[in-house]
Amino acid sequence: MIKKDFKKLLKKYMDIKGLDIIVYLHDGKAIELHKNRMLDKNEIVLRDKFDRETRIHLSSIKSVELYAA
């Protein structure tokens with residue numbers, strides 16, 4: 001289950017384009033969220049320069065690191 005507070009806080013930080021965000025998943029992967037990111041219901045949606053879409057479900061996130069760019 002996804003906590004509302006986590007989702008609300010993540011949305012707030014994702015809206016700041018000058019913030020670098022790295023998401024660590026339960027399976028051990030680390031994914032850097034690029035500037036072209038958005039939150040859609042319970043998923044983070046990423047689009048690369050070739051307009052390919054990647055979705056990360058919020059329940060698969062273990063931790064998040066934020067860096068000021």
# chains A, B, ... in the order shown; residues from 1 in each chain; ligands from 1

$ residues_around --residues "Glu53 in chain A" --least-positions-apart "2" --cutoff "12 Å" --atoms "only C-alpha atoms" --output "list in words"
Asn36, Arg37, Met38, Glu43, Ile44, Val45, Leu46, Arg47, Asp48, Lys49, Phe50, Asp51, Arg55 and Ile56 of chain A

$ residues_around --residues "Met14 in chain A" --least-positions-apart "3" --cutoff "9 Å" --atoms "only C-alpha atoms" --output "PyMOL selection string"
chain A and resi 9-11+17+19-21+33+35+37-39

$ atom_distance --atom1 "CA of Tyr67 in chain A" --atom2 "CA of Glu32 in chain A"
10.8 Å

$ select_by_dssp --residues "chain A" --states "helix (DSSP H, G or I)" --output "list in words"
Lys4, Asp5, Phe6, Lys7, Lys8, Leu9, Leu10, Lys11, Lys12, Tyr13, Met14, Leu58, Ser59 and Ser60 of chain A

$ write_last_selection --atoms "C-alpha atoms" --output "mmCIF file, in the first residue's frame"
data_model
loop_
_atom_site.group_PDB
_atom_site.id
_atom_site.type_symbol
_atom_site.label_atom_id
_atom_site.label_comp_id
_atom_site.auth_asym_id
_atom_site.auth_seq_id
_atom_site.Cartn_x
_atom_site.Cartn_y
_atom_site.Cartn_z
ATOM 1 C CA LYS A 4 -0.596 9.395 0.773
ATOM 2 C CA ASP A 5 2.124 11.446 2.492
ATOM 3 C CA PHE A 6 4.887 9.791 0.438
ATOM 4 C CA LYS A 7 2.994 10.287 -2.817
ATOM 5 C CA LYS A 8 2.227 13.940 -1.991
ATOM 6 C CA LEU A 9 5.827 14.699 -1.048
ATOM 7 C CA LEU A 10 7.227 12.900 -4.104
ATOM 8 C CA LYS A 11 4.870 14.866 -6.380
ATOM 9 C CA LYS A 12 6.049 18.110 -4.800
ATOM 10 C CA TYR A 13 9.717 17.254 -5.389
ATOM 11 C CA MET A 14 9.146 15.943 -8.911
ATOM 12 C CA LEU A 58 5.364 3.577 -6.307
ATOM 13 C CA SER A 59 5.029 0.334 -4.346
ATOM 14 C CA SER A 60 8.323 -0.893 -5.862
#

$ atom_distance --atom1 "CA of Asp40 in chain A" --atom2 "CA of Ala68 in chain A"
23.6 Å
